[in-house]
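Quick look at target21.cif (mmCIF, C-alpha atoms):
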data_work
#
loop_
_atom_site.label_atom_id
_atom_site.label_comp_id
_atom_site.auth_asym_id
_atom_site.auth_seq_id
_atom_site.Cartn_x
_atom_site.Cartn_y
_atom_site.Cartn_z
CA MET A 1355 -7.95 -18.34 -27.41
CA ASN A 1356 -4.45 -16.96 -27.56
CA SER A 1357 -4.15 -13.36 -26.32
CA ALA A 1358 -2.24 -12.34 -29.46
CA VAL A 1359 -5.42 -12.50 -31.58
CA HIS A 1360 -7.26 -9.92 -29.49
CA SER A 1361 -7.42 -6.42 -30.90
CA ARG A 1362 -7.05 -3.51 -28.52
CA THR A 1363 -10.40 -2.20 -29.73
CA SER A 1364 -12.16 -5.43 -28.74
CA ILE A 1365 -10.50 -5.38 -25.31
CA LEU A 1366 -11.68 -1.80 -24.72
CA ALA A 1367 -15.18 -2.69 -25.94
CA ASP A 1368 -15.40 -5.66 -23.57
CA GLN A 1369 -15.65 -3.58 -20.40
CA ARG A 1370 -18.33 -2.99 -17.78
CA TYR A 1371 -18.03 0.76 -17.88
CA PHE A 1372 -21.06 1.54 -15.72
CA LEU A 1373 -19.77 -0.67 -12.88
CA HIS A 1374 -16.26 0.80 -13.07
CA ILE A 1375 -17.60 4.37 -12.98
CA ALA A 1376 -20.03 3.60 -10.15
CA LEU A 1377 -17.29 2.03 -8.02
CA PHE A 1378 -14.98 4.97 -8.73
CA ILE A 1379 -17.64 7.50 -7.65
CA ALA A 1380 -18.38 5.51 -4.49
CA THR A 1381 -14.66 5.32 -3.70
CA ALA A 1382 -14.26 9.05 -4.34
CA LEU A 1383 -17.05 9.80 -1.83
CA CYS A 1384 -15.58 7.44 0.77
CA THR A 1385 -12.08 8.90 0.39
CA LEU A 1386 -13.49 12.45 0.63
CA TRP A 1387 -15.13 11.36 3.88
CA ALA A 1388 -11.87 9.84 5.15
CA GLY A 1389 -9.84 12.88 4.09
CA ALA A 1390 -12.21 15.19 5.95
CA PHE A 1391 -11.78 13.04 9.07
CA TRP A 1392 -7.98 13.03 8.93
CA THR A 1393 -7.81 16.81 8.45
CA GLY A 1394 -9.95 17.44 11.52
CA HIS A 1395 -13.30 18.03 9.82
CA PRO A 1396 -15.35 14.86 10.48
CA VAL A 1397 -18.62 14.69 8.60
CA ASP A 1398 -21.66 15.32 10.80
CA LEU A 1399 -24.74 13.54 9.44
CA GLU A 1400 -26.96 15.45 11.85
CA LYS A 1401 -26.22 18.62 9.90
CA PRO A 1402 -27.07 17.78 6.26
CA GLY A 1403 -26.35 21.31 5.09
CA ALA A 1404 -22.75 21.04 6.28
CA ILE A 1405 -21.97 17.67 4.68
CA ILE A 1406 -20.69 19.09 1.39
CA SER A 1407 -18.63 21.70 3.22
CA SER A 1408 -17.09 18.99 5.41
CA LEU A 1409 -16.35 16.69 2.46
CA SER A 1410 -14.56 19.52 0.66
CA HIS A 1411 -11.84 19.37 3.32
CA GLY A 1412 -11.03 15.86 2.12
CA THR A 1413 -10.37 16.89 -1.49
CA THR A 1414 -6.57 16.87 -1.33
CA TYR A 1415 -6.45 13.49 0.40
CA ALA A 1416 -9.02 11.91 -1.92
CA ALA A 1417 -7.49 13.29 -5.13
CA SER A 1418 -3.97 12.25 -4.11
CA LEU A 1419 -4.95 8.73 -3.06
CA LEU A 1420 -7.14 8.16 -6.14
CA LEU A 1421 -4.32 9.45 -8.34
CA PHE A 1422 -1.92 6.91 -6.84
CA LEU A 1423 -4.37 4.02 -7.12
CA GLY A 1424 -5.46 4.98 -10.63
CA VAL A 1425 -1.92 5.34 -11.97
CA HIS A 1426 -0.90 2.03 -10.37
CA GLU A 1427 -3.80 0.06 -11.82
CA PHE A 1428 -3.82 1.77 -15.21
CA GLY A 1429 -0.12 0.96 -15.41
CA HIS A 1430 -1.13 -2.71 -15.28
CA PHE A 1431 -4.03 -2.19 -17.67
CA PHE A 1432 -2.08 -0.37 -20.37
CA ALA A 1433 0.73 -2.93 -20.21
CA ALA A 1434 -1.86 -5.69 -20.65
CA LEU A 1435 -3.45 -3.73 -23.49
CA HIS A 1436 -0.03 -3.33 -25.15
CA HIS A 1437 0.40 -7.11 -25.14
CA ARG A 1438 -3.24 -7.62 -26.20
CA ILE A 1439 -4.10 -9.50 -23.02
CA ARG A 1440 -7.77 -9.47 -22.07
CA ALA A 1441 -8.01 -7.48 -18.85
CA THR A 1442 -10.57 -5.34 -17.08
CA LEU A 1443 -10.34 -1.67 -16.27
CA PRO A 1444 -9.61 -0.95 -12.59
CA TYR A 1445 -12.24 -1.89 -10.04
CA PHE A 1446 -11.95 0.69 -7.24
CA ILE A 1447 -12.97 -0.69 -3.84
CA PRO A 1448 -14.86 1.77 -1.61
CA VAL A 1449 -14.90 1.33 2.16
CA PRO A 1450 -17.31 3.45 4.22
CA PRO A 1451 -16.13 4.67 7.63
CA LEU A 1452 -16.36 1.72 10.00
CA PRO A 1453 -15.39 1.92 13.68
CA PHE A 1454 -13.23 -1.22 13.59
CA LEU A 1455 -11.15 -0.24 10.52
CA LEU A 1456 -8.51 2.40 9.89
CA ASN A 1457 -10.59 4.88 7.92
CA LEU A 1458 -8.81 5.23 4.57
CA GLY A 1459 -11.97 5.25 2.45
CA THR A 1460 -10.80 2.43 0.19
CA MET A 1461 -9.22 -1.00 0.09
CA GLY A 1462 -7.41 -0.08 -3.11
CA ALA A 1463 -8.19 -1.05 -6.67
CA VAL A 1464 -7.64 -4.13 -8.83
CA ILE A 1465 -7.77 -5.24 -12.44
CA LYS A 1466 -8.60 -8.76 -13.52
CA ILE A 1467 -6.55 -10.60 -16.12
CA LYS A 1468 -9.01 -12.81 -18.01
CA GLU A 1469 -6.59 -15.25 -19.62
CA ARG A 1470 -3.23 -16.90 -19.29
CA ILE A 1471 -0.25 -14.59 -19.74
CA PRO A 1472 1.43 -15.48 -23.06
CA ASP A 1473 5.09 -15.20 -22.05
CA THR A 1474 7.48 -13.95 -19.38
CA ARG A 1475 8.06 -10.66 -21.19
CA ALA A 1476 4.34 -9.85 -21.05
CA LEU A 1477 4.19 -11.14 -17.46
CA PHE A 1478 7.04 -8.86 -16.41
CA ASP A 1479 5.66 -5.79 -18.19
CA THR A 1480 2.18 -6.28 -16.77
CA GLY A 1481 3.44 -6.97 -13.25
CA ALA A 1482 6.08 -4.26 -13.01
CA SER A 1483 4.26 -1.39 -14.70
CA GLY A 1484 1.76 -0.90 -11.87
CA PRO A 1485 4.08 -0.57 -8.85
CA LEU A 1486 6.69 1.39 -10.82
CA ALA A 1487 4.12 3.92 -12.05
CA GLY A 1488 2.45 4.11 -8.63
CA PHE A 1489 5.80 4.60 -6.89
CA VAL A 1490 6.52 7.65 -9.04
CA VAL A 1491 3.23 9.18 -7.82
CA SER A 1492 3.84 8.32 -4.16
CA LEU A 1493 7.39 9.70 -4.36
CA GLY A 1494 6.06 12.89 -5.94
CA LEU A 1495 3.43 13.25 -3.20
CA LEU A 1496 6.05 12.78 -0.49
CA VAL A 1497 8.53 15.21 -2.02
CA TYR A 1498 5.81 17.82 -2.54
CA GLY A 1499 4.58 17.27 1.01
CA PHE A 1500 8.07 17.65 2.46
CA LEU A 1501 8.73 20.82 0.47
CA ASN A 1502 5.35 22.44 1.13
CA LEU A 1503 4.64 21.82 4.79
CA PRO A 1504 2.06 24.16 6.30
CA PRO A 1505 2.99 26.17 9.41
CA GLU A 1506 2.65 24.70 12.87
CA SER A 1507 -0.71 26.44 13.22
CA HIS A 1508 -2.13 23.82 10.84
CA LEU A 1509 -1.84 21.17 13.52
CA TYR A 1510 -3.20 23.45 16.23
CA LEU A 1511 -6.38 23.96 14.19
CA ILE A 1512 -6.92 20.19 14.35
CA HIS A 1513 -5.75 19.83 17.97
CA PRO A 1514 -6.49 23.13 19.73
CA GLU A 1515 -5.72 21.42 23.03
CA TYR A 1516 -2.05 21.38 22.03
CA VAL A 1517 -1.96 25.16 22.46
CA THR A 1518 -2.78 24.89 26.15
CA LEU A 1519 -0.34 21.98 26.49
CA GLY A 1520 2.45 24.13 25.07
CA GLY A 1521 2.94 22.04 21.93
CA ILE A 1522 2.71 18.47 20.68
CA PRO A 1523 2.74 16.10 23.68
CA ASP A 1524 6.08 14.37 24.12
CA PRO A 1525 5.76 11.52 24.89
CA PRO A 1526 2.46 11.14 23.01
CA MET A 1527 -0.74 10.58 24.94
CA GLU A 1528 -1.93 7.01 25.45
CA GLY A 1529 -4.10 5.77 22.59
CA THR A 1530 -2.33 7.84 19.93
CA LEU A 1531 -1.99 6.35 16.45
CA TYR A 1532 1.52 6.33 15.00
CA LEU A 1533 2.85 5.44 11.56
CA GLY A 1534 6.19 3.80 10.89
CA LYS A 1535 9.09 5.02 8.79
CA ASN A 1536 10.70 3.26 5.85
CA ILE A 1537 14.07 3.93 4.23
CA LEU A 1538 12.48 6.26 1.67
CA TRP A 1539 10.99 8.45 4.40
CA ILE A 1540 14.29 8.58 6.29
CA LEU A 1541 16.18 9.53 3.09
CA LEU A 1542 13.75 12.38 2.38
CA GLU A 1543 14.12 13.61 5.96
CA VAL A 1544 17.90 13.73 5.56
CA LEU A 1545 17.96 15.20 2.04
CA ILE A 1546 15.22 17.83 2.36
CA ARG A 1547 15.49 18.68 6.08
CA PRO A 1548 12.07 20.36 6.19
CA ASP A 1549 11.01 22.77 8.91
CA HIS A 1550 7.98 21.83 11.02
CA LEU A 1551 8.01 18.19 9.91
CA PRO A 1552 5.34 16.55 12.08
CA PRO A 1553 6.13 13.50 14.20
CA MET A 1554 4.80 10.17 12.97
CA THR A 1555 2.04 10.44 15.58
CA GLU A 1556 0.62 13.47 13.72
CA MET A 1557 1.70 12.94 10.10
CA TYR A 1558 -1.70 11.59 9.01
CA HIS A 1559 -3.14 15.11 9.36
CA TYR A 1560 -1.04 16.19 6.35
CA PRO A 1561 -2.74 14.86 3.17
CA PHE A 1562 0.26 14.84 0.82
CA LEU A 1563 2.52 13.15 3.37
CA PHE A 1564 -0.16 10.68 4.41
CA THR A 1565 -1.17 9.61 0.90
CA GLY A 1566 2.48 9.45 -0.16
CA TRP A 1567 3.15 7.20 2.83
CA ILE A 1568 0.13 5.03 1.98
CA GLY A 1569 1.34 4.81 -1.61
CA SER A 1570 4.82 3.65 -0.63
CA PHE A 1571 3.38 1.13 1.84
CA VAL A 1572 0.95 -0.28 -0.74
CA THR A 1573 3.75 -0.41 -3.32
CA ALA A 1574 5.88 -2.49 -0.96
CA LEU A 1575 3.00 -4.88 -0.25
CA ASN A 1576 2.42 -5.36 -3.97
CA LEU A 1577 6.12 -5.96 -4.56
CA LEU A 1578 6.36 -8.83 -2.09
CA PRO A 1579 7.82 -11.62 -4.29
CA VAL A 1580 5.09 -14.08 -3.38
CA GLY A 1581 2.53 -15.92 -5.50
CA GLN A 1582 0.81 -13.77 -8.09
CA LEU A 1583 1.40 -10.44 -6.40
CA ASP A 1584 3.15 -7.89 -8.62
CA GLY A 1585 6.45 -8.80 -6.99
CA GLY A 1586 5.69 -12.46 -7.65
CA HIS A 1587 5.18 -11.74 -11.36
CA ILE A 1588 8.47 -9.84 -11.44
CA SER A 1589 10.53 -12.48 -9.60
CA TYR A 1590 9.04 -15.31 -11.70
CA ALA A 1591 9.87 -13.47 -14.93
CA MET A 1592 13.38 -12.59 -13.71
CA PHE A 1593 14.47 -15.79 -11.97
CA GLY A 1594 12.15 -18.52 -13.22
CA ARG A 1595 9.93 -20.91 -11.29
CA ARG A 1596 12.63 -22.15 -8.93
CA GLY A 1597 13.99 -18.68 -8.18
CA HIS A 1598 10.49 -17.36 -7.59
CA PHE A 1599 9.69 -20.19 -5.17
CA ARG A 1600 12.89 -19.56 -3.19
CA ALA A 1601 12.26 -15.81 -2.97
CA ALA A 1602 8.63 -16.38 -1.96
CA THR A 1603 9.61 -18.86 0.75
CA ILE A 1604 12.32 -16.58 2.15
CA PHE A 1605 10.04 -13.53 2.35
CA LEU A 1606 7.15 -15.55 3.72
CA TRP A 1607 9.25 -16.68 6.65
CA PHE A 1608 10.81 -13.23 6.96
CA ILE A 1609 7.44 -11.60 7.68
CA PHE A 1610 6.55 -14.53 9.97
CA LEU A 1611 9.64 -13.87 12.08
CA LEU A 1612 8.93 -10.13 11.92
CA ALA A 1613 5.50 -10.78 13.43
CA LEU A 1614 6.32 -13.53 15.91
CA PRO A 1615 7.64 -11.60 18.99
CA SER A 1616 4.83 -9.02 19.12
CA PHE A 1617 2.24 -11.65 18.18
CA LEU A 1618 3.35 -13.88 21.05
CA GLU A 1619 3.22 -10.98 23.49
CA LEU A 1620 -0.21 -9.88 22.21
CA THR A 1621 -1.77 -13.34 22.39
CA GLY A 1622 -0.12 -14.00 25.75
CA THR A 1623 -1.60 -10.80 27.16
CA MET A 1624 -5.05 -11.69 25.80
CA PHE A 1625 -5.26 -15.39 26.66
CA LEU A 1626 -2.53 -16.08 29.24
CA PRO A 1627 -2.23 -12.89 31.31
CA ASP A 1628 -0.64 -14.75 34.23
CA LEU A 1629 2.23 -15.92 32.05
CA HIS A 1630 3.87 -12.45 32.10
CA LEU A 1631 5.70 -13.07 28.85
CA ARG A 1632 8.37 -10.39 28.45
CA ILE A 1633 10.28 -10.00 25.21
CA PRO A 1634 13.22 -7.55 25.12
CA ASP A 1635 12.38 -4.08 23.79
CA ALA A 1636 15.28 -4.31 21.33
CA ILE A 1637 13.37 -7.13 19.60
CA MET A 1638 9.87 -5.72 20.05
CA GLN A 1639 10.72 -2.44 18.35
CA TRP A 1640 11.23 -4.37 15.09
CA SER A 1641 8.13 -6.54 15.35
CA TRP A 1642 4.53 -5.91 14.23
CA PRO A 1643 1.76 -8.47 14.92
CA GLY A 1644 -0.15 -7.50 11.78
CA TRP A 1645 2.42 -9.33 9.67
CA MET A 1646 1.03 -12.59 11.08
CA PHE A 1647 -2.25 -11.85 9.30
CA TRP A 1648 -0.35 -11.22 6.07
CA PHE A 1649 1.67 -14.39 6.58
CA LEU A 1650 -1.54 -16.43 6.81
CA ILE A 1651 -3.08 -14.70 3.77
CA LEU A 1652 0.05 -15.23 1.68
CA TRP A 1653 0.52 -18.81 2.86
CA ARG A 1654 -3.05 -20.08 2.64
CA VAL A 1655 -4.70 -17.84 0.03
CA ILE A 1656 -2.12 -16.34 -2.33
CA ARG A 1657 0.42 -19.15 -1.78
CA THR A 1658 4.03 -19.23 -2.86
CA THR A 1659 3.71 -20.85 -6.28
CA HIS A 1660 3.20 -19.06 -9.59
CA PRO A 1661 1.54 -20.60 -12.66
CA PRO A 1662 3.74 -20.79 -15.78
CA THR A 1663 3.14 -18.60 -18.77
CA SER A 1664 2.41 -20.11 -22.17
CA PHE A 1665 6.07 -19.58 -23.05
CA ASP A 1666 8.67 -19.11 -20.32
CA HIS A 1667 11.94 -17.61 -21.52
CA PRO A 1668 14.73 -15.42 -20.07
CA LEU A 1669 14.23 -11.65 -19.99
CA ASP A 1670 16.37 -9.22 -21.94
CA SER A 1671 18.93 -7.06 -20.12
CA ARG A 1672 16.73 -3.92 -20.16
CA ARG A 1673 13.91 -5.67 -18.34
CA MET A 1674 16.35 -7.25 -15.89
CA ILE A 1675 17.63 -3.77 -15.00
CA ILE A 1676 14.07 -2.53 -14.51
CA GLY A 1677 13.42 -5.59 -12.36
CA TRP A 1678 16.34 -4.78 -10.08
CA ILE A 1679 15.04 -1.21 -9.82
CA ALA A 1680 11.68 -2.65 -8.71
CA ILE A 1681 13.48 -4.73 -6.07
CA LEU A 1682 15.29 -1.59 -4.84
CA ILE A 1683 11.95 0.25 -4.65
CA PHE A 1684 10.60 -2.62 -2.55
CA VAL A 1685 13.55 -2.36 -0.15
CA ILE A 1686 13.24 1.39 0.41
CA SER A 1687 9.41 1.30 0.60
CA PHE A 1688 9.01 -1.63 2.98
CA THR A 1689 7.91 -0.51 6.45
CA PRO A 1690 8.69 -3.06 9.21
CA ILE A 1691 6.26 -1.41 11.68
CA PRO A 1692 3.55 0.18 9.52
CA PHE A 1693 1.39 1.53 12.33
CA GLY A 1694 0.25 0.97 15.88
CA ILE A 1695 -1.36 2.49 18.94
CA ILE A 1696 0.74 3.87 21.77
#
If you took the structure in this file and wrote it as structure tokens, what would it be?
Amino acid sequence: MNSAVHSRTSILADQRYFLHIALFIATALCTLWAGAFWTGHPVDLEKPGAIISSLSHGTTYAASLLLFLGVHEFGHFFAALHHRIRATLPYFIPVPPLPFLLNLGTMGAVIKIKERIPDTRALFDTGASGPLAGFVVSLGLLVYGFLNLPPESHLYLIHPEYVTLGGIPDPPMEGTLYLGKNILWILLEVLIRPDHLPPMTEMYHYPFLFTGWIGSFVTALNLLPVGQLDGGHISYAMFGRRGHFRAATIFLWFIFLLALPSFLELTGTMFLPDLHLRIPDAIMQWSWPGWMFWFLILWRVIRTTHPPTSFDHPLDSRRMIIGWIAILIFVISFTPIPFGII
């Protein structure tokens, strides 16, 4: 059935509201738990009476991250609703604290498009609306975080040992988690010049900065011009099937090359320790082995191709301008080295 015959009322009626609400509540609890952990108030299950008090410390983190995810996914949903495309409400994905995962409390949120996109205009609107709306939220979180940094004592409440050390260890202690910078972060540093800006080894203790960083990182991942990612929808609508395939191939091999040096060193250390593979630091500082995982996912699961719409046609100039803005957002949000352990 062609999407144009669907009424918006029927699309809204055809939803699994109980499941969506249940997943949202579960994700809210998991992100409260994660937020409490990152602000130095880990939840202690051995003290049931203190659980609610501990979770309350994760409110800012949870609310900020859920706001970003909700705005991103509802951007997609409302664009689909505008074009009368059958789509689900957002499915939020809760993740309980697990020792082998970075504890963010969630793997994000998704909507499901239930039918073929009717044309490239609808494809572009549906694909671009999510990352553009989400980027506005992540930018707002970052700007607010930069302009409203707490005093240095905030960090000493989380790490009281820093008081006896005379400040934040420099260089950081072994085993410290660090987050990478993108162009957006560097621009905000230069433009705002905030006092007491924490180093990237401590930034995750600041909920607005951390969730804004997560938002920009997730936005960049979604805007990769590969397959049926949001960026793939945008590049297909803007440049057609051939242009989309070229962009997807280029970026697929770009992240492969970005991963290769550190991946070779990591696997060599694990499986061939006697090889003593040494790659120059000037190369290693721009390489992250995690991109190899993304390369395999994009290559084997998401793939580089994009299915055609029912009616492919060139976009109007207004949408092309918005598309180039989305590409610019991808450039300034992309983080070559997202995170690592010192």
**Message:** I need the output of the PyMOL selection byres ((chain A and resi 1403-1420) around 9) for this file as a VMD selection string; which residues are they?
**Reply:** chain A and resid 1378 1381 to 1402 1421 to 1425 1446 1459 1462 1491 to 1492 1495 1560 to 1562 1564 to 1566 1568 to 1569
**Prompt:** When you draw a straight line from CA of Leu1577 in chain A to CA of Ser1664 in chain A, how long is it in Å?
**Reply:**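 Result for CA of Leu1577 in chain A versus CA of Ser1664 in chain A: 22.9 Å, one decimal.
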**Message:** What's the separation between CA of Thr1442 in chain A and CA of Phe1593 in chain A, in Å to one decimal place?
**Reply:**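 For CA of Thr1442 in chain A relative to CA of Phe1593 in chain A, the distance reads 27.6 Å.
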**Asked** Can you tell me, as JSON, numbers by chain, what residues are no more than 12 Å from range 1532-1539 of chain A when counting all atoms listed in the file, ignoring any on the same chain fewer than 5 positions away?
**Response** {"A": [1456, 1489, 1492, 1493, 1494, 1495, 1496, 1497, 1499, 1500, 1525, 1526, 1527, 1544, 1545, 1546, 1547, 1551, 1552, 1553, 1554, 1555, 1556, 1557, 1558, 1559, 1563, 1564, 1566, 1567, 1568, 1569, 1570, 1571, 1574, 1639, 1640, 1641, 1642, 1682, 1683, 1684, 1685, 1686, 1687, 1688, 1689, 1690, 1691, 1692, 1693, 1694, 1695, 1696]}
Keeping only C-alpha atoms, write the selected residues to a file as a tab-separated table (two decimals), keeping the file's coordinate frame.
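File produced: selection_39.tsv:
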chain	number	residue	atom	x	y	z
A	1456	LEU	CA	-8.51	2.40	9.89
A	1489	PHE	CA	5.80	4.60	-6.89
A	1492	SER	CA	3.84	8.32	-4.16
A	1493	LEU	CA	7.39	9.70	-4.36
A	1494	GLY	CA	6.06	12.89	-5.94
A	1495	LEU	CA	3.43	13.25	-3.20
A	1496	LEU	CA	6.05	12.78	-0.49
A	1497	VAL	CA	8.53	15.21	-2.02
A	1499	GLY	CA	4.58	17.27	1.01
A	1500	PHE	CA	8.07	17.65	2.46
A	1525	PRO	CA	5.76	11.52	24.89
A	1526	PRO	CA	2.46	11.14	23.01
A	1527	MET	CA	-0.74	10.58	24.94
A	1544	VAL	CA	17.90	13.73	5.56
A	1545	LEU	CA	17.96	15.20	2.04
A	1546	ILE	CA	15.22	17.83	2.36
A	1547	ARG	CA	15.49	18.68	6.08
A	1551	LEU	CA	8.01	18.19	9.91
A	1552	PRO	CA	5.34	16.55	12.08
A	1553	PRO	CA	6.13	13.50	14.20
A	1554	MET	CA	4.80	10.17	12.97
A	1555	THR	CA	2.04	10.44	15.58
A	1556	GLU	CA	0.62	13.47	13.72
A	1557	MET	CA	1.70	12.94	10.10
A	1558	TYR	CA	-1.70	11.59	9.01
A	1559	HIS	CA	-3.14	15.11	9.36
A	1563	LEU	CA	2.52	13.15	3.37
A	1564	PHE	CA	-0.16	10.68	4.41
A	1566	GLY	CA	2.48	9.45	-0.16
A	1567	TRP	CA	3.15	7.20	2.83
A	1568	ILE	CA	0.13	5.03	1.98
A	1569	GLY	CA	1.34	4.81	-1.61
A	1570	SER	CA	4.82	3.65	-0.63
A	1571	PHE	CA	3.38	1.13	1.84
A	1574	ALA	CA	5.88	-2.49	-0.96
A	1639	GLN	CA	10.72	-2.44	18.35
A	1640	TRP	CA	11.23	-4.37	15.09
A	1641	SER	CA	8.13	-6.54	15.35
A	1642	TRP	CA	4.53	-5.91	14.23
A	1682	LEU	CA	15.29	-1.59	-4.84
A	1683	ILE	CA	11.95	0.25	-4.65
A	1684	PHE	CA	10.60	-2.62	-2.55
A	1685	VAL	CA	13.55	-2.36	-0.15
A	1686	ILE	CA	13.24	1.39	0.41
A	1687	SER	CA	9.41	1.30	0.60
A	1688	PHE	CA	9.01	-1.63	2.98
A	1689	THR	CA	7.91	-0.51	6.45
A	1690	PRO	CA	8.69	-3.06	9.21
A	1691	ILE	CA	6.26	-1.41	11.68
A	1692	PRO	CA	3.55	0.18	9.52
A	1693	PHE	CA	1.39	1.53	12.33
A	1694	GLY	CA	0.25	0.97	15.88
A	1695	ILE	CA	-1.36	2.49	18.94
A	1696	ILE	CA	0.74	3.87	21.77
**Request:** For a cut-off of 9 Å around (6.9, -27.9, -9.5), file coordinates, pick out all residues using only C-alpha atoms and list them as a list in words.
**Result:**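 Checked against the point, the hits come out as Arg1595, Arg1596 and Thr1659 of chain A.
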Incomplete range 1407-1421 of chain A brought to N, CA and C atoms, written out as a PDB file, in the coordinates of the input:
ATOM      1  N   SER A1407     -19.731  20.863   2.732  1.00  0.00           N
ATOM      2  CA  SER A1407     -18.630  21.700   3.220  1.00  0.00           C
ATOM      3  C   SER A1407     -17.575  20.842   3.924  1.00  0.00           C
ATOM      4  N   SER A1408     -18.037  19.859   4.716  1.00  0.00           N
ATOM      5  CA  SER A1408     -17.090  18.990   5.410  1.00  0.00           C
ATOM      6  C   SER A1408     -16.311  18.113   4.428  1.00  0.00           C
ATOM      7  N   LEU A1409     -17.020  17.551   3.440  1.00  0.00           N
ATOM      8  CA  LEU A1409     -16.350  16.690   2.460  1.00  0.00           C
ATOM      9  C   LEU A1409     -15.299  17.454   1.662  1.00  0.00           C
ATOM     10  N   SER A1410     -15.520  18.734   1.457  1.00  0.00           N
ATOM     11  CA  SER A1410     -14.560  19.520   0.660  1.00  0.00           C
ATOM     12  C   SER A1410     -13.186  19.550   1.308  1.00  0.00           C
ATOM     13  N   HIS A1411     -13.141  19.384   2.635  1.00  0.00           N
ATOM     14  CA  HIS A1411     -11.840  19.370   3.320  1.00  0.00           C
ATOM     15  C   HIS A1411     -11.056  18.098   3.027  1.00  0.00           C
ATOM     16  N   GLY A1412     -11.731  17.101   2.465  1.00  0.00           N
ATOM     17  CA  GLY A1412     -11.030  15.860   2.120  1.00  0.00           C
ATOM     18  C   GLY A1412     -10.566  15.795   0.690  1.00  0.00           C
ATOM     19  N   THR A1413     -10.684  16.904  -0.052  1.00  0.00           N
ATOM     20  CA  THR A1413     -10.370  16.890  -1.490  1.00  0.00           C
ATOM     21  C   THR A1413      -8.924  16.521  -1.769  1.00  0.00           C
ATOM     22  N   THR A1414      -7.997  17.133  -1.066  1.00  0.00           N
ATOM     23  CA  THR A1414      -6.570  16.870  -1.330  1.00  0.00           C
ATOM     24  C   THR A1414      -6.236  15.409  -1.059  1.00  0.00           C
ATOM     25  N   TYR A1415      -6.694  14.899   0.064  1.00  0.00           N
ATOM     26  CA  TYR A1415      -6.450  13.490   0.400  1.00  0.00           C
ATOM     27  C   TYR A1415      -7.049  12.578  -0.649  1.00  0.00           C
ATOM     28  N   ALA A1416      -8.329  12.793  -0.977  1.00  0.00           N
ATOM     29  CA  ALA A1416      -9.020  11.910  -1.920  1.00  0.00           C
ATOM     30  C   ALA A1416      -8.368  11.961  -3.297  1.00  0.00           C
ATOM     31  N   ALA A1417      -8.086  13.164  -3.795  1.00  0.00           N
ATOM     32  CA  ALA A1417      -7.490  13.290  -5.130  1.00  0.00           C
ATOM     33  C   ALA A1417      -6.116  12.641  -5.176  1.00  0.00           C
ATOM     34  N   SER A1418      -5.319  12.815  -4.128  1.00  0.00           N
ATOM     35  CA  SER A1418      -3.970  12.250  -4.110  1.00  0.00           C
ATOM     36  C   SER A1418      -4.012  10.726  -4.056  1.00  0.00           C
ATOM     37  N   LEU A1419      -4.881  10.184  -3.200  1.00  0.00           N
ATOM     38  CA  LEU A1419      -4.950   8.730  -3.060  1.00  0.00           C
ATOM     39  C   LEU A1419      -5.526   8.084  -4.321  1.00  0.00           C
ATOM     40  N   LEU A1420      -6.554   8.699  -4.900  1.00  0.00           N
ATOM     41  CA  LEU A1420      -7.140   8.160  -6.140  1.00  0.00           C
ATOM     42  C   LEU A1420      -6.155   8.260  -7.299  1.00  0.00           C
ATOM     43  N   LEU A1421      -5.352   9.322  -7.303  1.00  0.00           N
ATOM     44  CA  LEU A1421      -4.320   9.450  -8.340  1.00  0.00           C
ATOM     45  C   LEU A1421      -3.330   8.302  -8.240  1.00  0.00           C
TER      46      LEU A1421
END
